[in-house]
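Below is one structure; the comments refer to it alone.
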Amino acid sequence: MQVQRTICDHSIGRRGMTLAELLISMTILSMMSVVLAGMSHAVNSAWSYTKGVEDSDLQARAAIERIEFMVSQTGTYKVAGQPTRLGAAVVSRPVGQYQLPDVLVLWTGGRSGGMAANGVQSRLPVVGELLIYSWAAGSPSQVIEAAFPGQTAAFDFAASDLNTQVTDLLASNAVEVIPLCEQLRVSSLSSSSSAAVSPPSTFGPSSPWGPSLPTSQPTSKSSSGSTSLSVGNLRFTLTQTPSDTDLAATAPQTAAWTQLNWPQNSFGNRSGMRQANLQMELQVEPVGIVRASDTVSAIPFFGSASVRYVYEP
């Protein structure tokens with residue numbers, strides 16, 4: 001009986017949680033759950049952002065390296081009555097009131113390259129040996145490489161209608177397109193048929209050779225109305241030293257010929273070493289990053305390539 005009395009005494013002395021204690025515990029647990037959920041969301045967002053940036057970086061660098069390599073494969077030609085020409089040109093695409101230098105044409109011999117190793121050719125390039133780099137008209141977020149296998153029509157980089165020829169080639173059924181980058185930033189430009197439209201006031205990150213393409217901004221409408229055009233943020237700049245203007249104004253075997261800006265001062269009485277420099281800029285936006293129309297979130301990438309060849313007038 002004594003043992004039983006002791007057990008009953010201990011049972012009577014135990015007490016449960018009060019309502020106030022239970023409410024406090026539930027509040028603490030709820031706060032901890034909210035904090036943990038916030039931390040989990042932040043970690044997931046950071047991982048998604050980092051993965052998007054890495055994917056964009058990989059695609060942009062791969063595209064730039066591909067173009068740089070093909071510049072090194074570009075060939076030269078000299079036909080009767082014309083000076084030596086490099087098979088490279090930047091074509092400006094008309095978009096509304098803008099002229100966008102976003103099309104690069106290279107005479108590489110095709111996707112396998114090798115034209116530079118063949119030396120100076122005494123014939124015109126053919127379309128099947130060209131590569132064209134630009135953004136896709138139907139999908140401006142893509143940087144594309146366009147080839148024209150099997151096409152035997154002649155192509156002259158000195159043609160007066162070069163822009164029209166390139167535009168027609170990109171729109172032809174013979175084009176074979178490979179996307180190099182699918183995360184190119186897309187901007188909206190306003191186009192008006194009768195009245196000028198004020199251009200976007202904000203520009204993206206500046207490049208070493210000038211301001212970047214306009215970012216996506218609300219644009220004012222003209223009195224007759226305007227339409228919004230989507231363009232990819234891609235730019236090419238091609239310069240040659242000595243320039244075409246200097247060469248056209250100078251005759252060989254003259255004092256002015258010797259004073260031209262020949263690279264490494266390499267020239268003779270009737271020829272000289274000429275250098276072409278290509279600079280490119282593309283802006284990419286990582287997938288999954290939401291931005292307002294007035295917020296710059298694009299990542300700019302820059303590339304450059306150069307090639308030298310012997311010029312003869």
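So you can find residues: chains in the structure tokens are A, B, ... in the order shown, residues in each start at 1, and ligands are numbered from 1 in order.
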Original post:
Any idea what's packed within 12 Å of segment 238-240 of chain A, counting only C-alpha atoms, ignoring anything in its chain fewer than 6 positions away? Could you give it as an NGL selection string?
Top reply: :A and (71 or 85-92 or 101-106 or 209 or 246-247 or 261-263 or 273-280 or 304-309 or 311)
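Across A:Leu130, A:Ala256, A:Ala117, A:Ile299, the tightest approach to Asp55 of chain A is made by A:Ile299 when counting only C-alpha atoms.
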Original post:
Using only C-alpha atoms, which of A:Leu282, A:Met115, A:Ala159, A:Leu169 sits nearest Val127 of chain A?
Top reply: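 The closest residue to Val127 of chain A is A:Leu169.
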**OP:** Kindly give the distance, in Å, that separates atom CA of Gly303 of chain A and atom CA of Phe236 of chain A, rounded to a single decimal.
**Re:**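 Computing the Euclidean distance for atom CA of Gly303 of chain A and atom CA of Phe236 of chain A yields 9.6 Å.
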Original post:
Using only C-alpha atoms, which of A:Pro179, A:Gly268, A:Gly114, A:Pro125 sits nearest Ser139 of chain A?
Top reply: A:Pro179
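Within 9 Å of Glu145 of chain A, once only C-alpha atoms are used and residues closer than 4 positions along the same chain are dropped, the contacting residues are Ile67, Arg111, Leu131, Ile132, Tyr133, Ser134, Trp135, Glu176, Val177, Ile178, Pro179 and Leu180 of chain A.
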**OP:** Could you check which of A:Asn233, A:Gln99, A:Ser33, A:Ser160 is closest to Glu281 of chain A, using only C-alpha atoms?
**Re:** A:Asn233
Original post:
Skipping near chain neighbours, those fewer than 5 positions away, what residues fall within 9 Å of Thr152 of chain A using only C-alpha atoms, listed as a list in words?
Top reply: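 That gives Val126, Val127, Gly128 and Glu129 of chain A.
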Would you save the residues from that selection as an mmCIF file, in the first residue's frame, using C-alpha atoms?
```cif
data_model
loop_
_atom_site.group_PDB
_atom_site.id
_atom_site.type_symbol
_atom_site.label_atom_id
_atom_site.label_comp_id
_atom_site.auth_asym_id
_atom_site.auth_seq_id
_atom_site.Cartn_x
_atom_site.Cartn_y
_atom_site.Cartn_z
ATOM 1 C CA VAL A 126 30.553 32.100 -104.714
ATOM 2 C CA VAL A 127 27.517 32.116 -102.440
ATOM 3 C CA GLY A 128 28.103 28.533 -101.311
ATOM 4 C CA GLU A 129 31.402 29.609 -99.727
#
```
**OP:** Can you work out the spacing between atom CA of Glu182 of chain A and atom CA of Phe157 of chain A in Å, to one decimal?
**Re:**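 Straight-line distance from atom CA of Glu182 of chain A to atom CA of Phe157 of chain A works out to 28.9 Å.
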**OP:** Just list the residues in segment 22-139 of chain A DSSP gives helix (DSSP H, G or I) on the backbone, as a PyMOL selection string.
**Re:** chain A and resi 22-72+116-118+127-129
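Distances here use only C-alpha atoms; by that measure, the residue among A:Pro83, A:Gly150, A:Gly38, A:Pro286 closest to Pro313 of chain A is A:Pro83.
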Original post:
What is the atom CA of Leu229 of chain A to atom CA of Val95 of chain A distance in Å?
Top reply: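 Pair atom CA of Leu229 of chain A / atom CA of Val95 of chain A returns 7.6 Å.
Nearest residue to Trp107 of chain A among A:Ala249, A:Ala154, A:Leu29, A:Ala37 is A:Ala154, counting only C-alpha atoms.
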**OP:** May I have all residues of segment 70-151 of chain A that DSSP, computed from the backbone, assigns to strand (DSSP E or B), given as number ranges by chain?
**Re:** A: 76-77, 85-86, 88-95, 98-107, 121, 126, 130-135, 143-147
